[in-house]
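Containing compact mmCIF, C-alpha atoms: run30.txt.
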# COMPACT_ATOMS: atom_id res chain seq x y z
CA MET K 1 -79.50 93.38 -228.63
CA LYS K 2 -75.83 94.36 -228.51
CA ASN K 3 -74.81 90.74 -228.98
CA ILE K 4 -77.10 90.47 -231.99
CA MET K 5 -75.58 93.60 -233.51
CA LYS K 6 -72.06 92.29 -232.90
CA PHE K 7 -73.01 89.05 -234.62
CA LEU K 8 -74.50 90.90 -237.60
CA ASN K 9 -71.44 93.14 -237.93
CA LEU K 10 -69.13 90.13 -237.80
CA TYR K 11 -71.27 88.38 -240.42
CA ILE K 12 -71.08 91.41 -242.71
CA ILE K 13 -67.30 91.73 -242.25
CA LEU K 14 -66.72 88.04 -242.98
CA GLY K 15 -68.94 88.28 -246.04
CA PHE K 16 -66.99 91.29 -247.28
CA ILE K 17 -63.67 89.47 -246.77
CA THR K 18 -65.00 86.47 -248.69
CA LEU K 19 -66.16 88.62 -251.59
CA SER K 20 -62.84 90.46 -251.66
CA SER K 21 -60.89 87.20 -251.69
CA ASN K 22 -63.00 85.86 -254.55
CA ALA K 23 -62.52 89.08 -256.47
CA GLN K 24 -58.74 88.74 -256.21
CA THR K 25 -58.78 85.25 -257.76
CA SER K 26 -58.78 85.68 -261.51
CA VAL K 27 -60.15 82.92 -263.72
CA LYS K 28 -58.42 82.19 -267.02
CA PRO K 29 -58.92 79.52 -269.67
CA LEU K 30 -56.79 76.44 -269.24
CA ASN K 31 -54.78 77.24 -272.37
CA ASP K 32 -53.71 80.61 -270.93
CA LEU K 33 -51.48 78.96 -268.32
CA ASP K 34 -48.62 81.32 -267.47
CA PHE K 35 -45.98 79.96 -265.11
CA ILE K 36 -44.40 83.38 -264.60
CA ASP K 37 -47.38 85.43 -263.42
CA SER K 38 -49.82 82.91 -262.02
CA SER K 39 -50.21 83.74 -258.33
CA GLY K 40 -53.80 83.18 -257.18
CA THR K 41 -55.09 82.48 -260.69
CA TYR K 42 -57.53 79.65 -261.42
CA TYR K 43 -56.85 78.07 -264.81
CA LYS K 44 -60.25 76.58 -265.56
CA ASP K 45 -61.44 74.16 -268.21
CA ILE K 46 -64.05 76.73 -269.17
CA ASP K 47 -65.21 74.95 -272.33
CA ASN K 48 -65.18 71.48 -270.69
CA GLU K 49 -62.66 70.19 -273.21
CA ILE K 50 -61.43 67.59 -270.70
CA ASP K 51 -64.87 66.02 -270.27
CA PRO K 52 -65.03 63.89 -273.48
CA PHE K 53 -62.02 61.89 -272.24
CA LEU K 54 -63.45 61.01 -268.83
CA GLY K 55 -64.32 57.41 -268.00
CA THR K 56 -62.89 53.96 -268.67
CA TRP K 57 -61.10 53.03 -271.90
CA LEU K 58 -59.64 49.72 -273.12
CA HIS K 59 -57.15 48.66 -275.77
CA ASP K 60 -57.51 44.92 -276.40
CA GLU K 61 -55.50 43.18 -279.10
CA GLY K 62 -55.76 39.66 -277.73
CA SER K 63 -52.42 39.17 -276.03
CA ILE K 64 -52.34 42.76 -274.74
CA GLN K 65 -54.90 44.67 -272.66
CA PHE K 66 -54.19 48.31 -271.83
CA LYS K 67 -56.87 49.89 -269.63
CA VAL K 68 -57.07 53.55 -268.60
CA VAL K 69 -59.48 55.32 -266.26
CA PHE K 70 -59.61 59.13 -266.53
CA LYS K 71 -61.18 61.67 -264.23
CA LYS K 72 -61.10 65.44 -263.88
CA SER K 73 -59.26 67.07 -261.00
CA ILE K 74 -61.12 70.34 -260.50
CA GLN K 75 -59.40 73.47 -259.15
CA TYR K 76 -56.33 71.58 -257.95
CA ASP K 77 -54.19 73.71 -255.65
CA PHE K 78 -50.65 73.69 -257.03
CA ARG K 79 -48.34 74.47 -254.12
CA GLY K 80 -50.41 77.48 -253.14
CA ARG K 81 -49.35 79.29 -256.32
CA TYR K 82 -52.39 78.78 -258.54
CA PHE K 83 -55.39 76.53 -259.13
CA ILE K 84 -55.84 74.39 -262.19
CA ASP K 85 -58.16 71.80 -263.76
CA LEU K 86 -56.31 68.61 -264.68
CA LEU K 87 -56.98 65.49 -266.73
CA VAL K 88 -55.70 62.65 -264.54
CA GLY K 89 -55.76 58.88 -264.81
CA GLU K 90 -54.53 55.48 -263.72
CA TYR K 91 -53.89 52.41 -265.85
CA SER K 92 -53.24 48.70 -266.07
CA TYR K 93 -51.24 46.70 -268.60
CA VAL K 94 -51.58 42.95 -269.14
CA GLU K 95 -49.42 41.00 -271.60
CA ASN K 96 -49.98 37.31 -272.37
CA GLY K 97 -52.12 36.99 -269.26
CA VAL K 98 -49.45 38.52 -266.99
CA GLU K 99 -50.35 41.78 -265.25
CA LYS K 100 -47.26 43.96 -265.45
CA ILE K 101 -48.75 47.26 -264.24
CA ASN K 102 -51.89 48.14 -262.28
CA THR K 103 -52.36 51.54 -260.67
CA LEU K 104 -56.17 51.61 -261.09
CA GLY K 105 -56.70 51.39 -257.33
CA GLN K 106 -55.19 54.86 -256.95
CA ILE K 107 -57.79 56.69 -259.05
CA ASP K 108 -59.58 57.99 -255.93
CA THR K 109 -56.74 57.85 -253.40
CA VAL K 110 -54.18 60.29 -254.86
CA GLU K 111 -54.55 63.83 -256.13
CA GLY K 112 -53.36 66.04 -258.95
CA PHE K 113 -49.89 65.41 -260.27
CA ASP K 114 -49.49 62.31 -258.07
CA HIS K 115 -51.60 60.34 -260.57
CA ALA K 116 -49.76 57.95 -262.89
CA ILE K 117 -51.15 59.93 -265.85
CA ASN K 118 -51.69 63.67 -265.49
CA GLY K 119 -51.57 66.96 -267.32
CA MET K 120 -53.43 69.92 -268.75
CA PHE K 121 -51.71 71.03 -271.97
CA ASN K 122 -54.25 71.15 -274.79
CA ILE K 123 -52.50 71.17 -278.17
CA LYS K 124 -54.76 71.79 -281.14
CA SER K 125 -52.40 70.68 -283.86
CA CYS K 126 -51.85 67.34 -285.58
CA ASP K 127 -48.09 67.88 -285.88
CA ILE K 128 -47.32 65.72 -282.84
CA PRO K 129 -48.01 61.95 -283.23
CA PRO K 130 -50.36 60.24 -283.47
CA SER K 131 -51.34 62.31 -286.50
CA GLN K 132 -53.62 59.59 -287.91
CA ASN K 133 -57.33 60.17 -287.30
CA CYS K 134 -56.54 63.66 -286.05
CA THR K 135 -58.61 66.69 -287.04
CA ALA K 136 -56.91 70.09 -286.94
CA GLY K 137 -58.29 72.24 -284.16
CA GLN K 138 -59.65 69.41 -282.03
CA SER K 139 -58.61 69.03 -278.39
CA ARG K 140 -55.47 66.91 -278.01
CA PHE K 141 -54.01 66.65 -274.54
CA HIS K 142 -50.29 66.30 -273.89
CA LEU K 143 -49.98 64.46 -270.57
CA SER K 144 -47.27 62.75 -268.55
CA ILE K 145 -47.17 59.06 -267.67
CA ILE K 146 -44.99 57.24 -265.13
CA ASP K 147 -43.95 53.62 -264.92
CA PRO K 148 -44.53 52.53 -261.30
CA THR K 149 -42.03 49.67 -261.69
CA GLU K 150 -39.13 52.01 -262.52
CA ASP K 151 -39.10 55.40 -260.81
CA ARG K 152 -36.54 56.87 -263.22
CA VAL K 153 -38.71 56.32 -266.28
CA ALA K 154 -41.44 58.72 -267.39
CA GLY K 155 -43.01 59.46 -270.72
CA ASN K 156 -45.22 61.66 -272.85
CA PHE K 157 -48.84 60.63 -273.32
CA ILE K 158 -50.52 62.28 -276.33
CA ILE K 159 -54.25 61.71 -276.57
CA HIS K 160 -57.11 62.70 -278.88
CA LYS K 161 -60.49 61.36 -279.88
CA ASN K 162 -60.96 59.68 -283.25
CA LEU K 163 -63.84 61.77 -284.57
CA ASN K 164 -64.24 59.50 -287.61
CA ALA K 165 -64.60 56.22 -285.70
CA PRO K 166 -68.01 54.54 -285.55
CA ASN K 167 -67.33 53.69 -281.92
CA ASP K 168 -66.26 56.05 -279.17
CA GLN K 169 -62.47 55.78 -279.50
CA ILE K 170 -59.37 57.61 -278.39
CA GLU K 171 -55.92 57.47 -279.96
CA VAL K 172 -52.94 57.42 -277.60
CA PHE K 173 -49.25 57.70 -278.40
CA ILE K 174 -46.72 57.08 -275.63
CA THR K 175 -43.08 58.12 -275.98
CA ILE K 176 -40.42 57.28 -273.44
CA GLY K 177 -38.64 59.83 -271.34
CA TYR K 178 -35.93 59.49 -268.74
CA GLY K 179 -35.63 61.34 -265.47
CA GLY K 180 -32.56 59.92 -263.76
CA SER K 181 -28.80 59.73 -264.04
CA LEU K 182 -27.19 56.62 -265.46
CA ARG K 183 -24.59 54.72 -263.53
CA GLU K 184 -21.40 53.53 -265.20
CA ASN K 185 -22.08 51.01 -267.96
CA GLU K 186 -25.84 51.29 -267.33
CA THR K 187 -28.40 51.66 -270.10
CA ILE K 188 -31.70 53.51 -269.83
CA PRO K 189 -34.19 51.29 -267.96
CA THR K 190 -36.90 49.68 -270.08
CA PRO K 191 -40.51 50.46 -269.12
CA ALA K 192 -42.77 47.56 -268.18
CA MET K 193 -45.06 48.24 -271.15
CA PRO K 194 -44.03 49.08 -274.73
CA TRP K 195 -43.64 52.78 -275.32
CA GLN K 196 -42.95 54.52 -278.63
CA LYS K 197 -46.26 52.97 -279.62
CA LYS K 198 -49.76 54.02 -280.62
CA TYR K 199 -52.80 52.53 -278.88
CA THR K 200 -56.47 52.72 -279.85
CA LEU K 201 -58.78 52.54 -276.84
CA VAL K 202 -62.56 52.08 -276.84
CA ARG K 203 -64.88 53.47 -274.19
CA GLN K 204 -66.18 50.82 -271.79
Representation of the structure as structure tokens:
Amino acid sequence: MKNIMKFLNLYIILGFITLSSNAQTSVKPLNDLDFIDSSGTYYKDIDNEIDPFLGTWLHDEGSIQFKVVFKKSIQYDFRGRYFIDLLVGEYSYVENGVEKINTLGQIDTVEGFDHAINGMFNIKSCDIPPSQNCTAGQSRFHLSIIDPTEDRVAGNFIIHKNLNAPNDQIEVFITIGYGGSLRENETIPTPAMPWQKKYTLVRQ
């Protein structure tokens, strides 16, 4: 009987600790991300604004095929500081039959910010390109993209859905960034796929 009571007391204590821990974790909308005071907070995609982008998308203009696979990383633990929902993806790029980039095999093998495409910033303005086929107030995600062939090159990946298209389409604009120091007489490395370019991708 004493052993049973000890077990019940332990069960109650553990349950209380669990409830207390959950109570200390505040949940905020994804757009309320605050890097200064974020300890223990879960920034959640409460309205499921990431979901319409999930799946496989393809840009095909004959000589160029640009394929992206997106998934949702739920409650990703960022260095023990806070939890966050992310839109993450991997991609391939083929030009004139030559595959220049293919990270698609990593879609289920890496996590969070280790994905080739990742981010969570939801901008609801058409001021940032591509402004064509953009409707003010719609979800537009500002993500990051890396070039696996050149570790010093990274870029911005702006994405929104074309709400006026007869097919399920997304508009993507990629701008180049640079994350390394140049050596003497060295120019900024060129990414393996054209950046500073807009792509229209259709759901597969």
*Give me, please, the distance in Å between atom CA of Ile188 of chain K and atom CA of Asp147 of chain K, quoted to one decimal.*
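The value is 13.2 Å.
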*Distance atom CA of Tyr43 of chain K-atom CA of Ile145 of chain K, one decimal place?*
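Between these atoms lies a distance of 21.5 Å.
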_atom CA of Ile176 of chain K to atom CA of Asp45 of chain K, straight-line distance in Å_ = 27.5 Å
With a distance cut-off of 9 Å and all atoms listed in the file, select the neighbouring residues of Thr135 of chain K, excluding the residue or stretch itself and same-chain residues fewer than 2 positions from it, and output the selection as an mmCIF file with C-alpha atoms, keeping the file's coordinate frame.
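Full text of part00.cif as output:
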data_model
loop_
_atom_site.group_PDB
_atom_site.id
_atom_site.type_symbol
_atom_site.label_atom_id
_atom_site.label_comp_id
_atom_site.auth_asym_id
_atom_site.auth_seq_id
_atom_site.Cartn_x
_atom_site.Cartn_y
_atom_site.Cartn_z
ATOM 1 C CA LYS K 124 -54.760 71.790 -281.140
ATOM 2 C CA SER K 125 -52.400 70.680 -283.860
ATOM 3 C CA CYS K 126 -51.850 67.340 -285.580
ATOM 4 C CA SER K 131 -51.340 62.310 -286.500
ATOM 5 C CA GLN K 132 -53.620 59.590 -287.910
ATOM 6 C CA ASN K 133 -57.330 60.170 -287.300
ATOM 7 C CA GLY K 137 -58.290 72.240 -284.160
ATOM 8 C CA GLN K 138 -59.650 69.410 -282.030
ATOM 9 C CA SER K 139 -58.610 69.030 -278.390
ATOM 10 C CA ASN K 162 -60.960 59.680 -283.250
ATOM 11 C CA LEU K 163 -63.840 61.770 -284.570
#
What are the nearest atom pairs, with distances in Å to one decimal, for all residues of segment 106-197 of chain K that come at most 10 Å from segment 49-59 of chain K, using only C-alpha atoms, set out by chain and rising residue number as a Markdown table?
| residue | atom | partner | partner_atom | distance |
| --- | --- | --- | --- | --- |
| K:Met120 | CA | K:Ile50 | CA | 8.6 |
| K:Asn122 | CA | K:Glu49 | CA | 8.6 |
| K:Gln138 | CA | K:Glu49 | CA | 9.4 |
| K:Ser139 | CA | K:Glu49 | CA | 6.7 |
| K:Arg140 | CA | K:Glu49 | CA | 9.2 |
| K:Phe141 | CA | K:Ile50 | CA | 8.4 |
| K:Ile159 | CA | K:Phe53 | CA | 8.9 |
| K:His160 | CA | K:Phe53 | CA | 8.3 |
| K:Lys161 | CA | K:Phe53 | CA | 7.8 |
| K:Asp168 | CA | K:Trp57 | CA | 9.4 |
| K:Gln169 | CA | K:Trp57 | CA | 8.2 |
| K:Ile170 | CA | K:Phe53 | CA | 7.9 |
| K:Glu171 | CA | K:His59 | CA | 9.8 |
| K:Val172 | CA | K:His59 | CA | 9.9 |
Neighbours of Leu86 of chain K within 9 Å (only C-alpha atoms; same-chain residues fewer than 4 positions away dropped), as a PDB file with C-alpha atoms, in the coordinates of the input?
ATOM      1  CA  LYS K  44     -60.250  76.580-265.560  1.00  0.00           C
ATOM      2  CA  ASP K  45     -61.440  74.160-268.210  1.00  0.00           C
ATOM      3  CA  ILE K  50     -61.430  67.590-270.700  1.00  0.00           C
ATOM      4  CA  LYS K  71     -61.180  61.670-264.230  1.00  0.00           C
ATOM      5  CA  LYS K  72     -61.100  65.440-263.880  1.00  0.00           C
ATOM      6  CA  SER K  73     -59.260  67.070-261.000  1.00  0.00           C
ATOM      7  CA  ILE K  74     -61.120  70.340-260.500  1.00  0.00           C
ATOM      8  CA  GLN K  75     -59.400  73.470-259.150  1.00  0.00           C
ATOM      9  CA  TYR K  76     -56.330  71.580-257.950  1.00  0.00           C
ATOM     10  CA  GLY K 112     -53.360  66.040-258.950  1.00  0.00           C
ATOM     11  CA  PHE K 113     -49.890  65.410-260.270  1.00  0.00           C
ATOM     12  CA  ASN K 118     -51.690  63.670-265.490  1.00  0.00           C
ATOM     13  CA  GLY K 119     -51.570  66.960-267.320  1.00  0.00           C
ATOM     14  CA  MET K 120     -53.430  69.920-268.750  1.00  0.00           C
ATOM     15  CA  PHE K 121     -51.710  71.030-271.970  1.00  0.00           C
TER      16      PHE K 121
END
*Using all atoms listed in the file, which residue out of K:Val153, K:Leu201, K:Ala192, K:Leu143 lies closest to Ala165 of chain K?*
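For Ala165 of chain K, the nearest of the candidates is K:Leu201.
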*Between K:Tyr91, K:Glu99, K:Ile64, K:Leu104, single out the one closest to Pro194 of chain K, counting all atoms listed in the file.*
K:Ile64
Contact residues around Asp108 of chain K with all atoms listed in the file at 10 Å, ignoring same-chain residues under 3 positions, as a tab-separated table (two decimals) with C-alpha atoms, in the coordinates of the input:
chain	number	residue	atom	x	y	z
K	71	LYS	CA	-61.18	61.67	-264.23
K	89	GLY	CA	-55.76	58.88	-264.81
K	90	GLU	CA	-54.53	55.48	-263.72
K	104	LEU	CA	-56.17	51.61	-261.09
K	105	GLY	CA	-56.70	51.39	-257.33
K	111	GLU	CA	-54.55	63.83	-256.13
K	115	HIS	CA	-51.60	60.34	-260.57
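Counting all atoms listed in the file, the residue from K:Ser63, K:Asn96, K:Asn48, K:Thr41 that sits nearest to Ile84 of chain K is K:Thr41.
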